[in-house]
Amino acid sequence: MNMPSINGRWRSAAILSLIALCAGGAAFPQARGHAAGGGQGPAAPHQHLDGHFGHNHYYFDRGYTVHQLPPRGFAVERGGEHYWYDGGHWYRWRRYGWIVDGAPFGAFVWYLPDFFTTVWLDGFPYYYANDTYYVWDGARQEYEVVEPPANIDTAGTTQPPLGDTLFVYPKNGQSAEQQARDRADCDHSAAEKSGYDRSQAQGGALSESAASKRWDYLRAEMACLEARGYSVK
């Protein structure tokens, strides 16, 4: 998978911001500094709690201006605008600094936020964080920012469809976030190997082969998860 590149004036702006960060010796404030229900008190200044779908993580408020980029992330250009993506936060460049902004629809990123919640709608998984929905694009091997699906607030669920449920138990103490990430990765890997895509009717297969491909998919997903240190039933 190729990582997006930074060029021209956009590269210069990013480098200057990073130089300012290092020279000032100040740590970039982390919006994930509070765990919901962790007894750490209210959100820090310019932060809010995203409790949608039980997500329960803190993020910077939209419109908040920062003068230093976070020390990781990468550039994304969309609609003539310059963005910086960093694990669930989106920053848009303006001449006086970086504004915390909403994710631009149609943009692609090569990794999901550190914390995300899988929301199912009509058997299709959406990856949610910070009021933003992502879907996997198999052709590009990246995640695309999409508009909020219709009815997802009322019909969306964090429980996977019963027909595709595997009982997965972490054997190596994997965190909840790591478990979710491994499930997403193995879902994509199994879909590629089996030719069965759960986002499509009958997995995108002909009626006579759909059942066979679905079992191929489940076997591939189980093998992937077991290789990553899970017990699967």
# chains A, B, ... in the order shown; residues from 1 in each chain; ligands from 1
call {"tool": "select_by_dssp", "arguments": {"residues": "stretch 121-210 of chain A", "states": "helix (DSSP H, G or I)", "output": "JSON list (two decimals) with N, CA and C atoms, in the first residue's frame"}}
result
[["chain", "number", "residue", "atom", "x", "y", "z"],
["A", 152, "ILE", "N", -28.92, 5.28, 9.77],
["A", 152, "ILE", "CA", -27.96, 4.56, 10.61],
["A", 152, "ILE", "C", -28.15, 4.90, 12.09],
["A", 153, "ASP", "N", -28.68, 6.10, 12.38],
["A", 153, "ASP", "CA", -28.91, 6.47, 13.78],
["A", 153, "ASP", "C", -29.97, 5.59, 14.43],
["A", 154, "THR", "N", -30.94, 5.18, 13.64],
["A", 154, "THR", "CA", -32.03, 4.38, 14.21],
["A", 154, "THR", "C", -31.87, 2.89, 13.92],
["A", 155, "ALA", "N", -31.27, 2.54, 12.79],
["A", 155, "ALA", "CA", -31.17, 1.13, 12.41],
["A", 155, "ALA", "C", -29.78, 0.55, 12.57],
["A", 162, "LEU", "N", -26.11, -11.90, 12.90],
["A", 162, "LEU", "CA", -26.01, -13.22, 13.52],
["A", 162, "LEU", "C", -25.48, -14.27, 12.55],
["A", 163, "GLY", "N", -25.83, -14.14, 11.29],
["A", 163, "GLY", "CA", -25.40, -15.15, 10.32],
["A", 163, "GLY", "C", -23.91, -15.19, 10.11],
["A", 164, "ASP", "N", -23.20, -14.11, 10.43],
["A", 164, "ASP", "CA", -21.76, -14.06, 10.22],
["A", 164, "ASP", "C", -21.00, -13.97, 11.53],
["A", 176, "ALA", "N", -9.25, -4.05, 23.50],
["A", 176, "ALA", "CA", -10.47, -3.97, 22.71],
["A", 176, "ALA", "C", -10.21, -3.31, 21.37],
["A", 177, "GLU", "N", -9.38, -2.26, 21.37],
["A", 177, "GLU", "CA", -9.07, -1.57, 20.12],
["A", 177, "GLU", "C", -8.31, -2.48, 19.16],
["A", 178, "GLN", "N", -7.34, -3.28, 19.70],
["A", 178, "GLN", "CA", -6.59, -4.19, 18.86],
["A", 178, "GLN", "C", -7.48, -5.30, 18.32],
["A", 179, "GLN", "N", -8.42, -5.77, 19.14],
["A", 179, "GLN", "CA", -9.35, -6.80, 18.67],
["A", 179, "GLN", "C", -10.19, -6.29, 17.51],
["A", 180, "ALA", "N", -10.70, -5.06, 17.64],
["A", 180, "ALA", "CA", -11.51, -4.49, 16.57],
["A", 180, "ALA", "C", -10.70, -4.33, 15.29],
["A", 181, "ARG", "N", -9.45, -3.91, 15.44],
["A", 181, "ARG", "CA", -8.61, -3.71, 14.27],
["A", 181, "ARG", "C", -8.29, -5.06, 13.59],
["A", 182, "ASP", "N", -8.01, -6.08, 14.41],
["A", 182, "ASP", "CA", -7.72, -7.40, 13.84],
["A", 182, "ASP", "C", -8.94, -7.97, 13.14],
["A", 183, "ARG", "N", -10.14, -7.76, 13.72],
["A", 183, "ARG", "CA", -11.35, -8.25, 13.07],
["A", 183, "ARG", "C", -11.55, -7.58, 11.72],
["A", 184, "ALA", "N", -11.31, -6.27, 11.66],
["A", 184, "ALA", "CA", -11.47, -5.55, 10.39],
["A", 184, "ALA", "C", -10.45, -6.03, 9.36],
["A", 185, "ASP", "N", -9.20, -6.21, 9.78],
["A", 185, "ASP", "CA", -8.16, -6.67, 8.85],
["A", 185, "ASP", "C", -8.47, -8.07, 8.33],
["A", 186, "CYS", "N", -8.90, -8.95, 9.23],
["A", 186, "CYS", "CA", -9.19, -10.33, 8.81],
["A", 186, "CYS", "C", -10.44, -10.41, 7.94],
["A", 187, "ASP", "N", -11.39, -9.51, 8.17],
["A", 187, "ASP", "CA", -12.57, -9.43, 7.30],
["A", 187, "ASP", "C", -12.14, -9.12, 5.87],
["A", 188, "HIS", "N", -11.26, -8.13, 5.73],
["A", 188, "HIS", "CA", -10.80, -7.73, 4.40],
["A", 188, "HIS", "C", -9.98, -8.85, 3.75],
["A", 189, "SER", "N", -9.11, -9.49, 4.54],
["A", 189, "SER", "CA", -8.28, -10.56, 4.01],
["A", 189, "SER", "C", -9.14, -11.74, 3.55],
["A", 190, "ALA", "N", -10.14, -12.11, 4.35],
["A", 190, "ALA", "CA", -11.01, -13.23, 4.01],
["A", 190, "ALA", "C", -11.83, -12.93, 2.76],
["A", 191, "ALA", "N", -12.29, -11.68, 2.63],
["A", 191, "ALA", "CA", -13.07, -11.31, 1.45],
["A", 191, "ALA", "C", -12.23, -11.44, 0.18],
["A", 192, "GLU", "N", -10.96, -11.03, 0.26],
["A", 192, "GLU", "CA", -10.09, -11.11, -0.91],
["A", 192, "GLU", "C", -9.81, -12.56, -1.29],
["A", 193, "LYS", "N", -9.60, -13.42, -0.30],
["A", 193, "LYS", "CA", -9.25, -14.81, -0.58],
["A", 193, "LYS", "C", -10.45, -15.63, -1.07],
["A", 194, "SER", "N", -11.63, -15.30, -0.56],
["A", 194, "SER", "CA", -12.81, -16.11, -0.88],
["A", 194, "SER", "C", -13.65, -15.56, -2.02],
["A", 201, "ALA", "N", -25.26, -8.13, -1.74],
["A", 201, "ALA", "CA", -26.24, -9.20, -1.67],
["A", 201, "ALA", "C", -25.60, -10.51, -2.10],
["A", 202, "GLN", "N", -25.84, -11.57, -1.31],
["A", 202, "GLN", "CA", -25.28, -12.90, -1.56],
["A", 202, "GLN", "C", -23.75, -12.85, -1.67],
["A", 203, "GLY", "N", -23.15, -11.85, -1.03],
["A", 203, "GLY", "CA", -21.70, -11.76, -1.05],
["A", 203, "GLY", "C", -21.12, -11.39, -2.39],
["A", 204, "GLY", "N", -21.98, -10.91, -3.30],
["A", 204, "GLY", "CA", -21.51, -10.57, -4.64],
["A", 204, "GLY", "C", -21.28, -11.78, -5.51],
["A", 207, "SER", "N", -26.01, -17.09, -7.17],
["A", 207, "SER", "CA", -26.83, -17.78, -6.18],
["A", 207, "SER", "C", -26.31, -19.19, -5.90],
["A", 208, "GLU", "N", -25.91, -19.90, -6.95],
["A", 208, "GLU", "CA", -25.50, -21.29, -6.76],
["A", 208, "GLU", "C", -24.16, -21.43, -6.05],
["A", 209, "SER", "N", -23.36, -20.37, -6.02],
["A", 209, "SER", "CA", -22.05, -20.44, -5.38],
["A", 209, "SER", "C", -21.95, -19.61, -4.11],
["A", 210, "ALA", "N", -23.01, -18.86, -3.76],
["A", 210, "ALA", "CA", -22.94, -17.94, -2.62],
["A", 210, "ALA", "C", -22.67, -18.69, -1.32]]
call {"tool": "residues_around", "arguments": {"residues": "stretch 125-127 of chain A", "least_positions_apart": "3", "cutoff": "9 Å", "atoms": "only C-alpha atoms", "output": "list of chain:residue names"}}
result
A:Leu112, A:Phe116, A:Thr117, A:Thr118, A:Val119, A:Trp120, A:Leu121, A:Asp122, A:Thr132, A:Tyr133, A:Tyr134, A:Val135, A:Trp136, A:Pro160, A:Arg198, A:Ser199
call {"tool": "write_last_selection", "arguments": {"atoms": "C-alpha atoms", "output": "PDB file, in the first residue's frame"}}
result
ATOM      1  CA  LEU A 112      -8.413   3.829  10.719  1.00  0.00           C
ATOM      2  CA  PHE A 116     -13.118   3.310  16.167  1.00  0.00           C
ATOM      3  CA  THR A 117     -16.487   1.636  16.526  1.00  0.00           C
ATOM      4  CA  THR A 118     -17.834  -0.809  13.947  1.00  0.00           C
ATOM      5  CA  VAL A 119     -21.471  -0.007  13.175  1.00  0.00           C
ATOM      6  CA  TRP A 120     -23.522  -2.453  11.118  1.00  0.00           C
ATOM      7  CA  LEU A 121     -26.357  -1.392   8.827  1.00  0.00           C
ATOM      8  CA  ASP A 122     -28.167  -3.956   6.673  1.00  0.00           C
ATOM      9  CA  THR A 132     -17.124  10.356  10.756  1.00  0.00           C
ATOM     10  CA  TYR A 133     -17.936   7.148   8.879  1.00  0.00           C
ATOM     11  CA  TYR A 134     -15.350   5.149   6.937  1.00  0.00           C
ATOM     12  CA  VAL A 135     -15.811   2.168   4.600  1.00  0.00           C
ATOM     13  CA  TRP A 136     -13.211  -0.166   3.162  1.00  0.00           C
ATOM     14  CA  PRO A 160     -22.592  -7.996  13.852  1.00  0.00           C
ATOM     15  CA  ARG A 198     -20.507  -9.191   2.924  1.00  0.00           C
ATOM     16  CA  SER A 199     -21.327  -5.666   1.767  1.00  0.00           C
TER      17      SER A 199
END
call {"tool": "closest_residue", "arguments": {"among": "A:Ala227, A:Leu49, A:Val66, A:Ala107", "to": "A:Lys171", "atoms": "only C-alpha atoms"}}
result
A:Ala227
call {"tool": "atom_distance", "arguments": {"atom1": "atom CA of A:Arg78", "atom2": "atom CA of A:Ala150"}}
result
23.4 Å
call {"tool": "residues_around", "arguments": {"residues": "A:Thr65", "least_positions_apart": "4", "cutoff": "10 Å", "atoms": "only C-alpha atoms", "output": "ChimeraX atom specification"}}
result
/A:46,60-61,91-94,96-101
call {"tool": "write_last_selection", "arguments": {"atoms": "N, CA and C atoms", "output": "short mmCIF file (atom, residue, chain, number, x, y, z; two decimals), in the first residue's frame"}}
result
data_model
loop_
_atom_site.label_atom_id
_atom_site.label_comp_id
_atom_site.auth_asym_id
_atom_site.auth_seq_id
_atom_site.Cartn_x
_atom_site.Cartn_y
_atom_site.Cartn_z
N HIS A 46 -11.51 22.72 24.96
CA HIS A 46 -11.62 22.54 23.50
C HIS A 46 -11.82 21.07 23.12
N PHE A 60 -11.09 16.94 19.75
CA PHE A 60 -11.07 18.39 19.72
C PHE A 60 -12.36 18.92 19.10
N ASP A 61 -12.81 20.07 19.56
CA ASP A 61 -14.01 20.70 19.01
C ASP A 61 -13.73 21.21 17.60
N TYR A 91 -7.56 18.18 10.29
CA TYR A 91 -7.15 19.58 10.38
C TYR A 91 -7.12 20.17 8.98
N ARG A 92 -7.66 21.37 8.85
CA ARG A 92 -7.66 22.05 7.54
C ARG A 92 -6.81 23.31 7.65
N TRP A 93 -5.92 23.51 6.68
CA TRP A 93 -4.97 24.62 6.74
C TRP A 93 -5.62 25.94 6.38
N ARG A 94 -5.37 26.93 7.21
CA ARG A 94 -5.69 28.31 6.93
C ARG A 94 -4.46 29.15 7.25
N TYR A 96 -3.69 31.38 9.14
CA TYR A 96 -3.37 31.70 10.52
C TYR A 96 -3.22 30.44 11.38
N GLY A 97 -3.28 29.28 10.77
CA GLY A 97 -3.08 28.07 11.55
C GLY A 97 -3.91 26.92 11.02
N TRP A 98 -4.00 25.88 11.82
CA TRP A 98 -4.74 24.67 11.46
C TRP A 98 -6.06 24.64 12.21
N ILE A 99 -7.15 24.46 11.48
CA ILE A 99 -8.48 24.42 12.08
C ILE A 99 -8.94 22.96 12.17
N VAL A 100 -9.43 22.57 13.33
CA VAL A 100 -10.04 21.26 13.47
C VAL A 100 -11.33 21.28 12.68
N ASP A 101 -11.46 20.35 11.75
CA ASP A 101 -12.59 20.39 10.81
C ASP A 101 -13.19 19.00 10.66
#
call {"tool": "select_by_dssp", "arguments": {"residues": "stretch 101-201 of chain A", "states": "strand (DSSP E or B)", "output": "list in words"}}
result
Asp101, Phe108, Val109, Thr117, Thr118, Val119, Trp120, Leu121, Phe124, Pro125, Tyr126, Tyr127, Tyr128, Ala129, Thr132, Tyr133, Tyr134, Val135, Trp136, Asp137, Glu142, Tyr143, Glu144, Val145, Val146, Thr157, Val168, Tyr169 and Pro170 of chain A
call {"tool": "atom_distance", "arguments": {"atom1": "atom CA of A:Gln47", "atom2": "atom CA of A:Gly102"}}
result
14.3 Å
call {"tool": "closest_residue", "arguments": {"among": "A:Pro170, A:Gly63, A:Gly54, A:Gly88", "to": "A:Ala129", "atoms": "only C-alpha atoms"}}
result
A:Gly88
call {"tool": "atom_distance", "arguments": {"atom1": "atom CA of A:Ala103", "atom2": "atom CA of A:Val145"}}
result
7.0 Å
call {"tool": "residues_around", "arguments": {"residues": "A:Gly73", "least_positions_apart": "4", "cutoff": "7 Å", "atoms": "only C-alpha atoms", "output": "PDB file with C-alpha atoms, in the first residue's frame"}}
result
ATOM      1  CA  TRP A  84      -3.881  16.772   7.810  1.00  0.00           C
ATOM      2  CA  TYR A  85      -5.255  13.466   9.091  1.00  0.00           C
ATOM      3  CA  ASP A  86      -4.184  12.112  12.443  1.00  0.00           C
TER       4      ASP A  86
END
